[in-house]
$ cat entry09.cif   # mmCIF, C-alpha atoms
data_run
#
loop_
_atom_site.label_atom_id
_atom_site.label_comp_id
_atom_site.auth_asym_id
_atom_site.auth_seq_id
_atom_site.Cartn_x
_atom_site.Cartn_y
_atom_site.Cartn_z
CA MET A 902 -50.02 -7.34 -69.42
CA ASN A 903 -51.29 -7.38 -65.79
CA ARG A 904 -49.76 -10.81 -65.18
CA SER A 905 -49.52 -12.25 -61.67
CA PRO A 906 -46.45 -11.09 -59.69
CA GLU A 907 -43.45 -12.92 -61.14
CA LEU A 908 -39.80 -12.13 -61.74
CA VAL A 909 -38.30 -13.34 -65.02
CA ILE A 910 -34.69 -12.55 -65.82
CA VAL A 911 -33.57 -13.06 -69.41
CA GLY A 912 -30.38 -12.71 -71.43
CA SER A 913 -29.96 -10.44 -74.41
CA GLY A 914 -27.03 -12.42 -75.77
CA ILE A 915 -24.02 -10.58 -77.14
CA GLN A 916 -25.00 -9.38 -80.62
CA LEU A 917 -27.73 -6.80 -80.96
CA GLY A 918 -31.04 -8.23 -82.15
CA ARG A 919 -29.61 -11.63 -83.11
CA HIS A 920 -29.00 -13.52 -79.89
CA MET A 921 -32.09 -12.83 -77.78
CA SER A 922 -34.46 -15.79 -77.95
CA PRO A 923 -38.13 -15.46 -78.99
CA ARG A 924 -39.21 -16.63 -75.55
CA SER A 925 -37.09 -13.97 -73.84
CA ILE A 926 -38.51 -11.29 -76.13
CA SER A 927 -42.03 -12.48 -75.32
CA GLU A 928 -41.34 -12.30 -71.56
CA PHE A 929 -39.95 -8.79 -71.98
CA GLU A 930 -42.88 -7.54 -74.03
CA SER A 931 -45.57 -8.94 -71.72
CA ALA A 932 -44.22 -7.94 -68.28
CA ASP A 933 -45.70 -5.03 -66.31
CA ALA A 934 -42.32 -3.57 -65.29
CA VAL A 935 -39.18 -3.88 -67.41
CA PHE A 936 -35.52 -3.24 -66.62
CA ALA A 937 -32.27 -3.71 -68.50
CA LEU A 938 -28.53 -3.75 -67.90
CA ALA A 939 -27.02 -3.88 -71.37
CA ASP A 940 -24.75 -2.03 -73.76
CA PRO A 941 -26.14 1.23 -75.23
CA PHE A 942 -27.09 -0.30 -78.59
CA THR A 943 -29.01 -3.16 -77.01
CA PHE A 944 -30.69 -0.81 -74.56
CA GLN A 945 -31.92 1.42 -77.40
CA TRP A 946 -33.23 -1.61 -79.27
CA LEU A 947 -35.11 -2.80 -76.19
CA GLN A 948 -36.41 0.68 -75.47
CA SER A 949 -37.90 0.87 -78.95
CA ARG A 950 -40.15 -2.02 -77.87
CA ARG A 951 -40.84 -0.75 -74.36
CA PRO A 952 -40.30 3.04 -74.06
CA GLU A 953 -40.76 2.92 -70.27
CA LEU A 954 -37.73 0.61 -69.90
CA VAL A 955 -35.65 1.38 -66.77
CA ASN A 956 -31.88 1.61 -67.31
CA LEU A 957 -30.11 -0.13 -64.41
CA SER A 958 -26.73 1.17 -65.56
CA GLU A 959 -27.70 4.59 -64.23
CA LEU A 960 -27.07 3.21 -60.73
CA TYR A 961 -23.33 2.99 -61.45
CA ALA A 962 -21.01 5.82 -60.34
CA ASP A 963 -17.25 6.19 -60.78
CA ASP A 964 -16.66 6.56 -57.04
CA ARG A 965 -19.23 4.00 -55.88
CA ASP A 966 -18.41 0.47 -54.79
CA ARG A 967 -19.98 -1.84 -57.37
CA ARG A 968 -21.22 -4.08 -54.57
CA GLU A 969 -23.43 -1.22 -53.36
CA THR A 970 -24.65 -0.73 -56.92
CA TYR A 971 -25.56 -4.40 -57.26
CA GLU A 972 -27.57 -4.25 -54.03
CA ALA A 973 -29.44 -1.19 -55.31
CA MET A 974 -30.20 -2.98 -58.58
CA THR A 975 -31.57 -5.97 -56.70
CA GLU A 976 -33.90 -3.78 -54.64
CA ARG A 977 -35.05 -2.00 -57.79
CA LEU A 978 -36.07 -5.30 -59.39
CA LEU A 979 -37.97 -6.51 -56.33
CA ALA A 980 -39.97 -3.34 -55.68
CA PRO A 981 -42.67 -3.88 -58.39
CA LEU A 982 -43.36 -7.39 -57.10
CA GLY A 983 -44.56 -5.85 -53.86
CA ARG A 984 -47.06 -3.80 -55.86
CA GLY A 985 -48.45 -6.92 -57.53
CA GLU A 986 -46.66 -6.38 -60.85
CA SER A 987 -44.81 -8.84 -63.03
CA VAL A 988 -41.18 -7.98 -63.72
CA CYS A 989 -38.80 -8.80 -66.57
CA ALA A 990 -35.15 -7.77 -66.41
CA VAL A 991 -32.80 -8.13 -69.36
CA PHE A 992 -29.09 -8.64 -68.68
CA TYR A 993 -26.28 -8.62 -71.23
CA GLY A 994 -25.13 -12.01 -72.51
CA HIS A 995 -26.26 -14.90 -70.32
CA PRO A 996 -27.97 -13.41 -67.23
CA GLY A 997 -26.50 -16.03 -64.92
CA VAL A 998 -22.86 -15.68 -65.95
CA PHE A 999 -20.72 -13.08 -64.14
CA ALA A 1000 -23.88 -11.36 -62.96
CA CYS A 1001 -24.66 -11.55 -59.25
CA VAL A 1002 -27.80 -9.37 -59.40
CA PRO A 1003 -29.98 -11.89 -61.29
CA HIS A 1004 -29.12 -14.73 -58.91
CA ARG A 1005 -29.59 -12.52 -55.86
CA ALA A 1006 -32.90 -11.10 -57.08
CA ILE A 1007 -34.32 -14.55 -57.91
CA GLU A 1008 -33.29 -15.94 -54.53
CA ARG A 1009 -34.88 -13.05 -52.63
CA ALA A 1010 -38.04 -13.06 -54.74
CA ARG A 1011 -38.56 -16.76 -54.02
CA HIS A 1012 -37.91 -16.15 -50.33
CA LEU A 1013 -40.70 -13.56 -50.41
CA GLY A 1014 -43.04 -16.13 -51.93
CA HIS A 1015 -42.96 -14.99 -55.55
CA VAL A 1016 -42.37 -17.08 -58.65
CA ALA A 1017 -38.94 -16.26 -60.07
CA ARG A 1018 -36.96 -17.85 -62.89
CA MET A 1019 -34.21 -17.26 -65.42
CA GLU A 1020 -34.14 -17.70 -69.20
CA PRO A 1021 -30.66 -18.32 -70.65
CA GLY A 1022 -28.89 -16.22 -73.22
CA ILE A 1023 -25.87 -16.60 -75.49
CA SER A 1024 -22.77 -15.80 -73.43
CA ALA A 1025 -19.35 -14.42 -74.29
CA GLU A 1026 -17.99 -17.92 -73.72
CA ASP A 1027 -20.33 -19.27 -76.40
CA CYS A 1028 -19.06 -16.64 -78.83
CA LEU A 1029 -15.44 -17.30 -77.86
CA VAL A 1030 -15.72 -21.00 -78.66
CA ALA A 1031 -17.28 -20.21 -82.04
CA ASP A 1032 -14.94 -17.36 -82.98
CA LEU A 1033 -11.63 -18.87 -81.87
CA GLY A 1034 -12.43 -22.46 -82.82
CA LEU A 1035 -11.49 -23.79 -79.38
CA ASP A 1036 -13.40 -26.85 -78.17
CA PRO A 1037 -13.41 -27.07 -74.33
CA GLY A 1038 -14.28 -30.74 -74.60
CA GLU A 1039 -11.07 -31.59 -76.45
CA ARG A 1040 -8.55 -30.79 -73.71
CA GLY A 1041 -10.65 -29.50 -70.82
CA MET A 1042 -10.96 -25.92 -69.63
CA LEU A 1043 -10.35 -23.80 -66.55
CA ALA A 1044 -12.34 -20.58 -66.56
CA CYS A 1045 -12.49 -18.08 -63.72
CA GLU A 1046 -12.44 -14.38 -62.96
CA ALA A 1047 -8.93 -12.94 -63.23
CA THR A 1048 -8.70 -11.40 -59.75
CA GLN A 1049 -10.09 -14.58 -58.19
CA PHE A 1050 -7.36 -16.53 -59.96
CA LEU A 1051 -4.69 -14.08 -58.82
CA ILE A 1052 -5.47 -13.75 -55.12
CA ASN A 1053 -6.46 -17.36 -54.35
CA GLN A 1054 -4.49 -20.58 -54.34
CA ARG A 1055 -5.58 -21.54 -57.84
CA GLU A 1056 -3.57 -23.85 -60.08
CA ALA A 1057 -3.40 -23.58 -63.85
CA ASP A 1058 -3.16 -26.67 -66.08
CA PRO A 1059 -1.13 -25.87 -69.20
CA SER A 1060 -2.52 -28.98 -70.92
CA ALA A 1061 -6.03 -27.41 -70.81
CA LEU A 1062 -7.60 -24.23 -72.13
CA LEU A 1063 -7.38 -21.33 -69.66
CA ILE A 1064 -9.88 -18.46 -69.76
CA LEU A 1065 -9.58 -15.50 -67.39
CA TRP A 1066 -12.63 -13.25 -67.43
CA GLN A 1067 -12.62 -9.54 -66.56
CA VAL A 1068 -8.85 -9.36 -66.99
CA THR A 1069 -9.15 -5.58 -67.28
CA LEU A 1070 -10.22 -5.43 -63.63
CA THR A 1071 -7.39 -7.61 -62.37
CA GLY A 1072 -6.51 -6.63 -58.80
CA ASN A 1073 -9.43 -4.23 -58.37
CA LEU A 1074 -10.19 -5.25 -54.78
CA ASP A 1075 -12.19 -2.10 -54.01
CA CYS A 1076 -14.62 -2.74 -56.91
CA ILE A 1077 -14.39 0.91 -57.97
CA GLY A 1078 -13.67 1.95 -61.55
CA PHE A 1079 -13.28 -0.08 -64.74
CA GLU A 1080 -9.73 0.74 -65.89
CA ALA A 1081 -6.82 -1.65 -66.32
CA HIS A 1082 -3.98 -1.34 -63.77
CA PRO A 1083 -0.62 -2.35 -65.32
CA PRO A 1084 1.14 -3.15 -62.00
CA SER A 1085 -1.67 -5.56 -61.10
CA LEU A 1086 -1.40 -7.13 -64.55
CA GLU A 1087 2.34 -7.56 -63.93
CA LEU A 1088 1.46 -9.60 -60.84
CA LEU A 1089 -0.92 -11.71 -62.91
CA VAL A 1090 1.81 -12.34 -65.49
CA GLY A 1091 4.16 -13.32 -62.69
CA LYS A 1092 1.73 -15.90 -61.37
CA LEU A 1093 0.95 -17.29 -64.83
CA ALA A 1094 4.70 -17.62 -65.45
CA ARG A 1095 4.69 -20.53 -62.97
CA TRP A 1096 3.10 -22.62 -65.73
CA TYR A 1097 3.60 -20.63 -68.94
CA PRO A 1098 6.88 -19.25 -70.34
CA LEU A 1099 6.79 -15.48 -70.83
CA GLU A 1100 6.98 -15.95 -74.59
CA THR A 1101 3.77 -18.02 -74.61
CA GLU A 1102 1.27 -16.63 -77.12
CA VAL A 1103 -1.95 -15.53 -75.43
CA ILE A 1104 -5.14 -14.09 -76.90
CA LEU A 1105 -7.08 -10.98 -75.89
CA TYR A 1106 -10.63 -11.69 -76.96
CA GLU A 1107 -13.71 -9.49 -77.31
CA ALA A 1108 -16.92 -10.77 -78.88
CA ALA A 1109 -18.52 -8.64 -81.59
CA ARG A 1110 -21.49 -6.74 -80.23
CA LEU A 1111 -22.81 -5.64 -83.63
CA PRO A 1112 -23.29 -7.84 -86.71
CA ILE A 1113 -21.21 -5.41 -88.77
CA GLU A 1114 -18.12 -5.45 -86.54
CA PRO A 1115 -15.44 -8.15 -86.21
CA PHE A 1116 -14.53 -9.89 -82.99
CA ARG A 1117 -11.17 -9.11 -81.41
CA ALA A 1118 -8.52 -11.84 -81.17
CA ASP A 1119 -5.19 -10.08 -80.61
CA ARG A 1120 -2.29 -12.47 -80.13
CA LEU A 1121 0.70 -11.36 -78.08
CA PRO A 1122 3.39 -12.79 -75.79
CA LEU A 1123 2.33 -13.24 -72.18
CA ALA A 1124 5.06 -10.82 -71.11
CA ASP A 1125 3.40 -7.99 -73.08
CA LEU A 1126 0.03 -8.30 -71.34
CA PRO A 1127 0.42 -5.30 -68.96
CA ARG A 1128 1.06 -2.95 -71.90
CA ALA A 1129 -1.85 -4.15 -74.05
CA GLY A 1130 -5.07 -2.26 -74.74
CA PHE A 1131 -8.17 -3.30 -72.82
CA LYS A 1132 -11.88 -2.75 -72.71
CA GLU A 1133 -14.04 -3.55 -69.73
CA TRP A 1134 -15.14 -6.85 -71.30
CA THR A 1135 -11.74 -8.06 -72.62
CA THR A 1136 -11.04 -11.74 -71.90
CA LEU A 1137 -7.64 -13.43 -71.62
CA VAL A 1138 -7.39 -16.78 -73.39
CA ILE A 1139 -4.40 -19.13 -73.15
CA PRO A 1140 -4.64 -22.23 -75.36
CA PRO A 1141 -3.02 -25.49 -74.16
CA ILE A 1142 0.75 -25.60 -74.48
CA LYS A 1143 1.36 -29.14 -73.17
CA ALA A 1144 0.10 -32.56 -74.16
CA LEU A 1145 -2.21 -34.48 -71.87
CA GLU A 1146 -0.37 -36.97 -69.64
CA LEU A 1147 -2.08 -40.33 -69.59
CA ASP A 1148 -2.56 -41.94 -66.16
CA GLU A 1149 -1.44 -45.43 -67.10
CA ALA A 1150 -2.32 -46.90 -63.70
CA MET A 1151 -5.89 -45.64 -63.96
CA VAL A 1152 -6.20 -47.00 -67.50
CA ARG A 1153 -5.09 -50.44 -66.28
CA GLN A 1154 -7.66 -50.34 -63.45
CA LEU A 1155 -10.42 -49.40 -65.87
CA ARG A 1156 -9.49 -52.18 -68.28
CA ARG A 1157 -9.49 -54.66 -65.42
CA ILE A 1158 -12.88 -53.72 -63.93
CA ARG A 1159 -14.58 -53.39 -67.31
CA SER A 1160 -13.45 -56.86 -68.36
CA LEU A 1161 -15.10 -58.54 -65.36
#
$ encode --input "entry09.cif" --output "structure tokens"
Amino acid sequence: MNRSPELVIVGSGIQLGRHMSPRSISEFESADAVFALADPFTFQWLQSRRPELVNLSELYADDRDRRETYEAMTERLLAPLGRGESVCAVFYGHPGVFACVPHRAIERARHLGHVARMEPGISAEDCLVADLGLDPGERGMLACEATQFLINQREADPSALLILWQVTLTGNLDCIGFEAHPPSLELLVGKLARWYPLETEVILYEAARLPIEPFRADRLPLADLPRAGFKEWTTLVIPPIKALELDEAMVRQLRRIRSL
């Protein structure tokens, strides 16, 4: 160990012990200070390799604004750099997807003059594509956080795949708690009904975290969403329900300019 001060943030992937790349494991094992924000099984697996591993999840509290927690996590990652230590932090899935702390920590570390970088990991989206057999390249895809979709002037495209992340936290403007709120989900259903009939079949997806467990892919009518069961990491998936509409005028322009 005793590397020069450097911050490396890596992803654990989704499945315990199967998704973390050899390079990420090497970074984790060789750093002076190590941190992790991961599910309990992954944390135990990492801790077996580095017993001094710091658990960032301990900074969460039921009555604490998550934005305050994320700031505390960022400061925790930067502190060893000031002591001349190298740092590796492991985040669940891909460390750059739906994780503001890695991006914030890397930006601040670089501003302070330190080397900082990110190693990718297998994300929930990667697992979703594999498990559900949905190719984003076939019809296109819109993917965003559920509350962001609800409270902003976002438009859905029923000819493309729609993925709404963190649907359990829909409408949680205070960033406190992790429970689903049925009235907020009713509002989400109401907005989605602008493009999707209430009888549209949607999918509640959860990637398998252990090799021995199946992934979740519960299919239900859109109207039943508020009464469904949720975990913190449940994702809402709505496959395309309309055919693509060809822009004939654009096709004619392309044929004309490509024949010159």
$ residues_around --input "entry09.cif" --residues "Glu1087 (chain A)" --least-positions-apart "3" --cutoff "6 Å" --atoms "only C-alpha atoms" --output "list of chain:residue names"
A:Pro1084, A:Val1090, A:Pro1127
$ atom_distance --input "entry09.cif" --atom1 "CA of Asn1053 (chain A)" --atom2 "CA of Leu938 (chain A)"
29.3 Å
$ closest_residue --input "entry09.cif" --among "A:Glu1102, A:Glu1039, A:Glu976, A:Glu1046" --to "Leu960 (chain A)" --atoms "only C-alpha atoms"
A:Glu976
$ atom_distance --input "entry09.cif" --atom1 "CA of Arg1157 (chain A)" --atom2 "CA of Asp1058 (chain A)"
28.7 Å
$ residues_around --input "entry09.cif" --residues "region 911-920 of chain A" --least-positions-apart "2" --cutoff "9 Å" --atoms "only C-alpha atoms" --output "PyMOL selection string"
chain A and resi 909+922+925-926+928-929+939+942-943+946+989-997+1003+1018-1025+1028+1108-1112
$ closest_residue --input "entry09.cif" --among "A:Leu1033, A:Leu1063, A:Leu1123, A:Leu1089" --to "Glu1107 (chain A)" --atoms "only C-alpha atoms"
A:Leu1033
$ atom_distance --input "entry09.cif" --atom1 "CA of Arg984 (chain A)" --atom2 "CA of Arg924 (chain A)"
24.8 Å
$ residues_around --input "entry09.cif" --residues "Arg1009 (chain A)" --least-positions-apart "6" --cutoff "12 Å" --atoms "all atoms listed in the file" --output "list in words"
Leu908, Glu972, Thr975, Glu976, Leu978, Leu979, Ala980, Leu982, Val1002, Pro1003, His1015, Val1016, Ala1017 and Arg1018 of chain A
$ residues_near_point --input "entry09.cif" --point "(-47.1, -6.2, -62.3)" --cutoff "10 Å" --atoms "all atoms listed in the file" --output "PyMOL selection string"
chain A and resi 902-908+931-935+981-989
$ resolve_selection --input "entry09.cif" --expression "the PyMOL selection byres ((chain A and resi 1069) around 12)" --output "PyMOL selection string"
chain A and resi 1046-1048+1065-1068+1070-1073+1078-1086+1089+1105-1107+1126-1137
$ decode --input "entry09.cif" --residues "region 1062-1076 of chain A" --atoms "all heavy atoms" --output "tab-separated table (two decimals), in the first residue's frame"
chain	number	residue	atom	x	y	z
A	1062	LEU	N	-39.00	2.56	-25.24
A	1062	LEU	CA	-38.95	1.97	-23.90
A	1062	LEU	C	-38.84	3.08	-22.87
A	1062	LEU	O	-38.05	4.01	-23.01
A	1062	LEU	CB	-37.73	1.04	-23.82
A	1062	LEU	CG	-37.39	0.42	-22.46
A	1062	LEU	CD1	-38.49	-0.53	-22.01
A	1062	LEU	CD2	-36.05	-0.32	-22.55
A	1063	LEU	N	-39.65	3.00	-21.81
A	1063	LEU	CA	-39.61	3.97	-20.72
A	1063	LEU	C	-39.16	3.28	-19.43
A	1063	LEU	O	-39.73	2.26	-19.04
A	1063	LEU	CB	-40.98	4.61	-20.50
A	1063	LEU	CG	-41.09	5.59	-19.32
A	1063	LEU	CD1	-40.19	6.79	-19.52
A	1063	LEU	CD2	-42.54	6.02	-19.10
A	1064	ILE	N	-38.13	3.82	-18.80
A	1064	ILE	CA	-37.64	3.30	-17.52
A	1064	ILE	C	-37.66	4.43	-16.51
A	1064	ILE	O	-37.05	5.49	-16.74
A	1064	ILE	CB	-36.21	2.74	-17.65
A	1064	ILE	CG1	-36.19	1.58	-18.65
A	1064	ILE	CG2	-35.69	2.28	-16.29
A	1064	ILE	CD1	-34.79	1.01	-18.88
A	1065	LEU	N	-38.35	4.23	-15.40
A	1065	LEU	CA	-38.39	5.20	-14.31
A	1065	LEU	C	-37.70	4.59	-13.10
A	1065	LEU	O	-38.21	3.65	-12.49
A	1065	LEU	CB	-39.83	5.62	-13.99
A	1065	LEU	CG	-40.57	6.37	-15.09
A	1065	LEU	CD1	-41.96	6.77	-14.62
A	1065	LEU	CD2	-39.79	7.60	-15.56
A	1066	TRP	N	-36.55	5.15	-12.77
A	1066	TRP	CA	-35.77	4.67	-11.63
A	1066	TRP	C	-36.31	5.23	-10.32
A	1066	TRP	O	-36.95	6.27	-10.28
A	1066	TRP	CB	-34.31	5.07	-11.79
A	1066	TRP	CG	-33.68	4.62	-13.07
A	1066	TRP	CD1	-33.39	5.37	-14.16
A	1066	TRP	CD2	-33.27	3.28	-13.39
A	1066	TRP	NE1	-32.82	4.59	-15.15
A	1066	TRP	CE2	-32.74	3.31	-14.71
A	1066	TRP	CE3	-33.31	2.07	-12.70
A	1066	TRP	CZ2	-32.24	2.17	-15.34
A	1066	TRP	CZ3	-32.81	0.93	-13.33
A	1066	TRP	CH2	-32.29	0.99	-14.63
A	1067	GLN	N	-36.04	4.53	-9.24
A	1067	GLN	CA	-36.40	4.95	-7.88
A	1067	GLN	C	-37.90	5.28	-7.78
A	1067	GLN	O	-38.30	6.25	-7.16
A	1067	GLN	CB	-35.56	6.16	-7.46
A	1067	GLN	CG	-34.06	5.82	-7.41
A	1067	GLN	CD	-33.19	6.98	-6.97
A	1067	GLN	OE1	-33.56	8.13	-7.10
A	1067	GLN	NE2	-32.01	6.66	-6.45
A	1068	VAL	N	-38.71	4.43	-8.40
A	1068	VAL	CA	-40.16	4.68	-8.39
A	1068	VAL	C	-40.72	4.62	-6.98
A	1068	VAL	O	-41.72	5.27	-6.67
A	1068	VAL	CB	-40.87	3.68	-9.34
A	1068	VAL	CG1	-40.78	2.25	-8.82
A	1068	VAL	CG2	-42.31	4.09	-9.57
A	1069	THR	N	-40.07	3.87	-6.10
A	1069	THR	CA	-40.51	3.79	-4.71
A	1069	THR	C	-40.50	5.16	-4.05
A	1069	THR	O	-41.36	5.45	-3.20
A	1069	THR	CB	-39.59	2.84	-3.93
A	1069	THR	OG1	-39.50	1.60	-4.63
A	1069	THR	CG2	-40.13	2.60	-2.52
A	1070	LEU	N	-39.57	6.00	-4.43
A	1070	LEU	CA	-39.41	7.32	-3.80
A	1070	LEU	C	-40.14	8.42	-4.56
A	1070	LEU	O	-39.89	9.61	-4.32
A	1070	LEU	CB	-37.92	7.66	-3.70
A	1070	LEU	CG	-37.05	6.65	-2.96
A	1070	LEU	CD1	-35.60	7.12	-2.92
A	1070	LEU	CD2	-37.57	6.41	-1.55
A	1071	THR	N	-41.05	8.05	-5.42
A	1071	THR	CA	-41.80	9.04	-6.19
A	1071	THR	C	-42.42	10.09	-5.28
A	1071	THR	O	-43.12	9.77	-4.32
A	1071	THR	CB	-42.91	8.36	-7.01
A	1071	THR	OG1	-42.32	7.46	-7.96
A	1071	THR	CG2	-43.77	9.38	-7.74
A	1072	GLY	N	-42.15	11.36	-5.57
A	1072	GLY	CA	-42.75	12.45	-4.81
A	1072	GLY	C	-42.08	12.78	-3.50
A	1072	GLY	O	-42.54	13.66	-2.78
A	1073	ASN	N	-40.98	12.13	-3.20
A	1073	ASN	CA	-40.28	12.36	-1.92
A	1073	ASN	C	-39.40	13.61	-2.06
A	1073	ASN	O	-38.18	13.52	-2.21
A	1073	ASN	CB	-39.45	11.13	-1.55
A	1073	ASN	CG	-38.88	11.22	-0.15
A	1073	ASN	OD1	-38.72	12.29	0.42
A	1073	ASN	ND2	-38.58	10.06	0.43
A	1074	LEU	N	-40.01	14.78	-1.99
A	1074	LEU	CA	-39.29	16.03	-2.21
A	1074	LEU	C	-38.36	16.38	-1.05
A	1074	LEU	O	-37.38	17.11	-1.24
A	1074	LEU	CB	-40.28	17.17	-2.44
A	1074	LEU	CG	-41.24	16.99	-3.63
A	1074	LEU	CD1	-42.18	18.19	-3.72
A	1074	LEU	CD2	-40.48	16.82	-4.92
A	1075	ASP	N	-38.65	15.88	0.14
A	1075	ASP	CA	-37.84	16.20	1.31
A	1075	ASP	C	-36.61	15.31	1.43
A	1075	ASP	O	-35.75	15.55	2.27
A	1075	ASP	CB	-38.67	16.08	2.59
A	1075	ASP	CG	-39.80	17.10	2.65
A	1075	ASP	OD1	-39.59	18.21	2.10
A	1075	ASP	OD2	-40.86	16.79	3.19
A	1076	CYS	N	-36.53	14.25	0.60
A	1076	CYS	CA	-35.40	13.32	0.62
A	1076	CYS	C	-35.20	12.71	2.00
A	1076	CYS	O	-34.07	12.54	2.49
A	1076	CYS	CB	-34.11	14.02	0.17
A	1076	CYS	SG	-34.15	14.56	-1.54
